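Chemist: Before I ask anything, let me first share the structure, which is written out below as structure tokens.
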Amino acid sequence: MSRQRQDQLLSTLLRQGDWATAASLADQLGVTPRSIRSYVAAVNARTGDADAVESGPAGYRAGVGARRALRTRQSGESAPRDRLHGLVRTLLDVPTGVDVFEAATELHVSEATLEADLARVRGLLEGTELTLERDREIVRLRGTEAAQRRLLSRLAHDEMDVASFHPETFRRALAGGAVAAGSVAPFKSALVRELGQLGYYVNELAISDVLLHIAIAAERVAAGHALEAGPTGAREEIPRVGAVIARLAREHFSVTLGDGDSSHLASLVLTRIVAPGEDAAGDVARSGVDPAVESAVRAEIARAAEDFQVDLVDETFVLRLALHVQNLMRRAEERALTRNPLTRSLKTSYPMIFEVAVSIASGLHDRLGTPIHDDEIAYVAMHVGGRLERSRKAESILTATIVCPGYYELHELLRSSVDRSLGSAIEVTSVITNVDPDWTSFDTDLVLSTIEPGAVGDRFVRIQPFLTDSDVDRIQQAAARVRRGRRLTRLRAELARYFDADAFVYPLPDEGEEAIIRRLGGLLVTAGLIGEDYVENTIVRERMSSTAFTDALAVPHALQMTATRTAIAIGVADGSAAWGEGRVQVVALAAFSETDRAAFQTVFEQLVEVFSERDSVQRILRRGTSFETFLDELVAVIDG
């Protein structure tokens, strides 16, 4: 467990990218500050990298050797997970079976420890179509080659650094030596180039996952474990793409793939790329999207647009998302699930967009029966975000008045410079050339003045008559402050209406997310604001995708807005509480009513923003041990 905690510490520091105190890290990992200090010492000692974790007056931060330290594995006795994965790989490599006593000796563990590892292997095999058979001291892994490869892929994903597919990941994922880590990058370049020549656009976020599957296939074929047949109902493009993959595997890996393997890999590749046509309709026609899929996507987009009051209904968007969902379904059929390295950052940075994607994914599951996991939801969120970006930008444009007394045409030159440098974010609505304007009369979001403003505030910015880069930076910073202030002012007004002293829990028991949801939801049920069905729907939503949108905050809620009135129950942990695969310090169970659709976006997105700032989180948690002090500190943070 200590080794696993050390890796969690490194991952947390790499993700945060800044200084963090031992106390805040302890809360996130669910340990004591003293343990954090011991983990830091152990990490630096085991790797020989004194800069893997840097120490200073502000706490700890990831050093230049942190990522390398995270990838390093001890050459001596393995961590339990590494030993378990090594045992599984041995079972995969030796179909005739493994002697339990010999394996214990080779792994330098007791027979009792190995027996416990075998029990964990059986747990790992649940739902994989693989079984562990035993005849006295010999244990064997039984199942199809396709199922065994899926297990190898799962092991690699479990070991993977969330930030990237590093060559070391491939080395750990593969038991043999057919694929050298250095040959993967040239193979990728050649594959992307040749697919482009065939008219396919490669999804760069998914191609590394494809490479992992191809590398696993090459290793298994080299070890004599080939697939006998390709996928049933194969698409007409598969032979052509399969021939490319087989030739490149021979050139770069010196492995000859049979028809079964080349067809399987071609099918997998085709679910992760798109075939660009002249327009979206051409994409869909060429890729053979089922009309039922298109119809389901169209219906769910219309519903989400209505539920969340966002502009989603667009023919090009509908057809491109339908193409993506078609490929998603093909991946699900072949159980070749894909990874998205941006899942966590999308959820934290764009919670509202991610929530719209969760809603669409939930509806598609109901209509099409295809399970959609977190990484796939993140890809849907990227489509949604792309569609909303234009309308979101239009909403975020601020108005500005330019005050520029002086030589004739000088103000026109300045206006032209502002438009050229900041036109995508700021709209100049008036230009004042008086030397003594009425500063209180300006109703624009920003006032850009070449003379000393006669008023103070974030919206007043002093600039030069000839716009400089420094002026542009100051204007952008002022615009960001105005936007944030506007958002948080709305949030402050909403929170005063929705928080309730009777729906506040401190300390929040560390009892798991479903128990916490029932505890906080029960307070709102007692108050007559929601029914038991809302609590159950909140748990269903949580199972789809964790609502831990930051390292500190979870916002569980149902997709249905069925509360009598919008209300938020708050739970504050004394330290932290387990939530999904991580830990959180505050849980805000939000129940929204049908009449408060607009409030959903304000409360949901901006509450996440407040709890994304570590200094603000620590201030709130230090003093917010009662409802009154929690609300006081939250409002104080919002007011800045």
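Chain lettering (A, B, ...) mirrors the order of the structure tokens, residue numbering begins at 1 for each chain separately, and ligand numbering begins at 1 in order of display.
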Output as CSV one row per residue of stretch 295-412 of chain A within 10 Å of stretch 603-620 of chain A: the closest atom pair and its distance in Å to one decimal place, counting only C-alpha atoms, sorted by chain and residue number ascending.
Modeler:
```
residue,atom,partner,partner_atom,distance
A:Lys347,CA,A:Val608,CA,9.9
A:Thr348,CA,A:Val608,CA,7.5
A:Ser349,CA,A:Glu609,CA,8.0
A:Tyr350,CA,A:Glu605,CA,7.6
A:Pro351,CA,A:Glu605,CA,5.9
A:Met352,CA,A:Glu605,CA,5.7
A:Ile353,CA,A:Glu605,CA,9.2
A:Glu355,CA,A:Phe604,CA,9.5
```
Chemist: Suppose we keep C-alpha atoms; can you now write the selection as a JSON list (two decimals), in the first residue's frame?
Modeler:
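To be explicit, this is the file written out as again_10.json:
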```json
[["chain", "number", "residue", "atom", "x", "y", "z"],
["A", 347, "LYS", "CA", -14.32, 17.19, -16.26],
["A", 348, "THR", "CA", -12.53, 19.73, -14.05],
["A", 349, "SER", "CA", -12.25, 22.60, -16.55],
["A", 350, "TYR", "CA", -15.60, 22.24, -18.33],
["A", 351, "PRO", "CA", -18.01, 20.58, -15.86],
["A", 352, "MET", "CA", -21.11, 21.92, -17.57],
["A", 353, "ILE", "CA", -20.06, 20.61, -20.99],
["A", 355, "GLU", "CA", -22.58, 17.16, -17.72]]
```
Chemist: Work out how far atom CA of A:Val461 is from atom CA of A:Pro405, in Å to one decimal.
Modeler: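 Distance between the two atoms: 15.2 Å.
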Chemist: So that I can check the surroundings of A:Thr444, please list as a ChimeraX atom specification every protein, DNA and RNA residue that reaches within 12 Å of it, counting only C-alpha atoms and ignoring chain neighbours fewer than 6 positions away.
Modeler: /A:397-402,426-431,459-460,479,482
Chemist: Residues as selected, C-alpha atoms, written as a short mmCIF file (atom, residue, chain, number, x, y, z; two decimals), in the first residue's frame, can you do that?
Modeler:
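result27.cif was written with the following content:
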```
data_model
loop_
_atom_site.label_atom_id
_atom_site.label_comp_id
_atom_site.auth_asym_id
_atom_site.auth_seq_id
_atom_site.Cartn_x
_atom_site.Cartn_y
_atom_site.Cartn_z
CA ILE A 397 -17.67 39.07 -25.46
CA LEU A 398 -17.49 42.19 -23.29
CA THR A 399 -18.45 45.70 -24.36
CA ALA A 400 -15.93 48.52 -24.05
CA THR A 401 -15.76 52.31 -24.19
CA ILE A 402 -12.56 53.95 -25.42
CA ILE A 426 -14.14 42.72 -26.71
CA GLU A 427 -16.59 44.81 -28.71
CA VAL A 428 -15.94 48.58 -28.71
CA THR A 429 -19.37 50.23 -28.58
CA SER A 430 -18.37 53.87 -28.12
CA VAL A 431 -15.38 56.20 -28.38
CA ARG A 459 -13.30 47.68 -15.47
CA PHE A 460 -11.14 50.82 -15.84
CA ALA A 479 -11.62 41.32 -18.88
CA VAL A 482 -14.79 41.27 -14.90
#
```
Chemist: Give me, as a VMD selection string, all polymer residues having an atom no more than 10 Å from stretch 375-386 of chain A, counting only C-alpha atoms and skipping those fewer than 4 positions away in the same chain.
Modeler: chain A and resid 205 to 206 301 311 to 312 317 to 318 320 to 321 324 to 325 328 337 to 347 350 to 362 371 390 to 392 544 to 545
Chemist: Atom CA of A:Arg541 and atom CA of A:Thr602 are how many Å apart?
Modeler: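 Straight-line distance from atom CA of A:Arg541 to atom CA of A:Thr602 works out to 19.9 Å.
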Chemist: Extract, using only C-alpha atoms, all DNA, RNA and protein residues at most 7 Å from stretch 266-273 of chain A, discarding same-chain residues fewer than 2 positions from it, and format them as JSON, numbers by chain.
Modeler: {"A": [200, 201, 202, 203, 206, 210, 238, 241, 242, 262, 263, 264, 275, 327, 328, 330, 331]}
Chemist: Please save N, CA, C and O atoms of the selected residues as a PDB file, in the first residue's frame.
Modeler:
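Below you can see again-v2.pdb, which holds the result:
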```pdb
ATOM      1  N   TYR A 200      -8.152   8.880 -44.755  1.00  0.00           N
ATOM      2  CA  TYR A 200      -8.660   8.794 -43.389  1.00  0.00           C
ATOM      3  C   TYR A 200      -7.962   9.803 -42.496  1.00  0.00           C
ATOM      4  O   TYR A 200      -6.750  10.001 -42.595  1.00  0.00           O
ATOM      5  N   TYR A 201      -8.741  10.406 -41.610  1.00  0.00           N
ATOM      6  CA  TYR A 201      -8.191  11.310 -40.607  1.00  0.00           C
ATOM      7  C   TYR A 201      -8.019  10.527 -39.311  1.00  0.00           C
ATOM      8  O   TYR A 201      -8.965   9.894 -38.831  1.00  0.00           O
ATOM      9  N   VAL A 202      -6.832  10.560 -38.743  1.00  0.00           N
ATOM     10  CA  VAL A 202      -6.545   9.798 -37.537  1.00  0.00           C
ATOM     11  C   VAL A 202      -6.833  10.633 -36.294  1.00  0.00           C
ATOM     12  O   VAL A 202      -6.391  11.784 -36.195  1.00  0.00           O
ATOM     13  N   ASN A 203      -7.568  10.061 -35.364  1.00  0.00           N
ATOM     14  CA  ASN A 203      -7.818  10.697 -34.074  1.00  0.00           C
ATOM     15  C   ASN A 203      -6.558  10.523 -33.225  1.00  0.00           C
ATOM     16  O   ASN A 203      -6.283   9.447 -32.716  1.00  0.00           O
ATOM     17  N   ALA A 206      -6.679   8.909 -29.819  1.00  0.00           N
ATOM     18  CA  ALA A 206      -6.966   7.477 -29.756  1.00  0.00           C
ATOM     19  C   ALA A 206      -5.882   6.624 -30.401  1.00  0.00           C
ATOM     20  O   ALA A 206      -5.817   5.431 -30.159  1.00  0.00           O
ATOM     21  N   VAL A 210      -4.560   2.570 -30.062  1.00  0.00           N
ATOM     22  CA  VAL A 210      -4.484   1.654 -31.195  1.00  0.00           C
ATOM     23  C   VAL A 210      -3.108   1.005 -31.247  1.00  0.00           C
ATOM     24  O   VAL A 210      -2.969  -0.207 -31.460  1.00  0.00           O
ATOM     25  N   ILE A 238     -11.934  -2.979 -44.541  1.00  0.00           N
ATOM     26  CA  ILE A 238     -11.029  -3.717 -43.667  1.00  0.00           C
ATOM     27  C   ILE A 238      -9.867  -4.375 -44.413  1.00  0.00           C
ATOM     28  O   ILE A 238      -8.715  -4.266 -43.974  1.00  0.00           O
ATOM     29  N   VAL A 241      -7.171  -1.626 -45.245  1.00  0.00           N
ATOM     30  CA  VAL A 241      -6.473  -1.123 -44.065  1.00  0.00           C
ATOM     31  C   VAL A 241      -5.658  -2.244 -43.412  1.00  0.00           C
ATOM     32  O   VAL A 241      -4.537  -2.025 -42.941  1.00  0.00           O
ATOM     33  N   GLY A 242      -6.209  -3.445 -43.405  1.00  0.00           N
ATOM     34  CA  GLY A 242      -5.491  -4.589 -42.837  1.00  0.00           C
ATOM     35  C   GLY A 242      -4.190  -4.866 -43.561  1.00  0.00           C
ATOM     36  O   GLY A 242      -3.179  -5.220 -42.929  1.00  0.00           O
ATOM     37  N   SER A 262      -4.737  -9.213 -38.919  1.00  0.00           N
ATOM     38  CA  SER A 262      -4.762  -7.972 -39.696  1.00  0.00           C
ATOM     39  C   SER A 262      -6.187  -7.446 -39.832  1.00  0.00           C
ATOM     40  O   SER A 262      -6.425  -6.236 -39.756  1.00  0.00           O
ATOM     41  N   SER A 263      -7.162  -8.354 -39.977  1.00  0.00           N
ATOM     42  CA  SER A 263      -8.560  -7.918 -40.076  1.00  0.00           C
ATOM     43  C   SER A 263      -9.049  -7.351 -38.751  1.00  0.00           C
ATOM     44  O   SER A 263      -9.741  -6.325 -38.710  1.00  0.00           O
ATOM     45  N   HIS A 264      -8.690  -8.023 -37.655  1.00  0.00           N
ATOM     46  CA  HIS A 264      -9.107  -7.546 -36.337  1.00  0.00           C
ATOM     47  C   HIS A 264      -8.538  -6.160 -36.057  1.00  0.00           C
ATOM     48  O   HIS A 264      -9.250  -5.255 -35.605  1.00  0.00           O
ATOM     49  N   ALA A 275     -13.563   9.075 -41.790  1.00  0.00           N
ATOM     50  CA  ALA A 275     -13.314   9.187 -43.222  1.00  0.00           C
ATOM     51  C   ALA A 275     -13.880  10.509 -43.697  1.00  0.00           C
ATOM     52  O   ALA A 275     -15.082  10.648 -43.881  1.00  0.00           O
ATOM     53  N   ASN A 327     -19.050   4.562 -34.315  1.00  0.00           N
ATOM     54  CA  ASN A 327     -17.750   3.965 -34.023  1.00  0.00           C
ATOM     55  C   ASN A 327     -17.660   3.502 -32.571  1.00  0.00           C
ATOM     56  O   ASN A 327     -17.057   2.468 -32.274  1.00  0.00           O
ATOM     57  N   LEU A 328     -18.267   4.266 -31.674  1.00  0.00           N
ATOM     58  CA  LEU A 328     -18.299   3.883 -30.268  1.00  0.00           C
ATOM     59  C   LEU A 328     -18.993   2.528 -30.106  1.00  0.00           C
ATOM     60  O   LEU A 328     -18.526   1.658 -29.354  1.00  0.00           O
ATOM     61  N   ARG A 330     -19.270   0.189 -32.354  1.00  0.00           N
ATOM     62  CA  ARG A 330     -18.410  -0.864 -32.906  1.00  0.00           C
ATOM     63  C   ARG A 330     -17.311  -1.245 -31.916  1.00  0.00           C
ATOM     64  O   ARG A 330     -16.964  -2.415 -31.778  1.00  0.00           O
ATOM     65  N   ARG A 331     -16.756  -0.238 -31.226  1.00  0.00           N
ATOM     66  CA  ARG A 331     -15.747  -0.537 -30.213  1.00  0.00           C
ATOM     67  C   ARG A 331     -16.355  -1.382 -29.100  1.00  0.00           C
ATOM     68  O   ARG A 331     -15.726  -2.309 -28.592  1.00  0.00           O
TER      69      ARG A 331
END
```
Chemist: Select, from A:Thr629, A:Thr256, A:Asn537, A:Gln601, the residue with the minimum atom-to-atom distance to A:Ala243, counting only C-alpha atoms.
Modeler: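 Among the listed residues, the smallest separation from A:Ala243 belongs to A:Thr256.
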Chemist: Would you please work out which residue, of A:Ile245, A:Ala554, A:Pro453, A:Glu54, is nearest to A:Arg193 when using only C-alpha atoms?
Modeler: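 Among the listed residues, A:Ile245 lies closest to A:Arg193.
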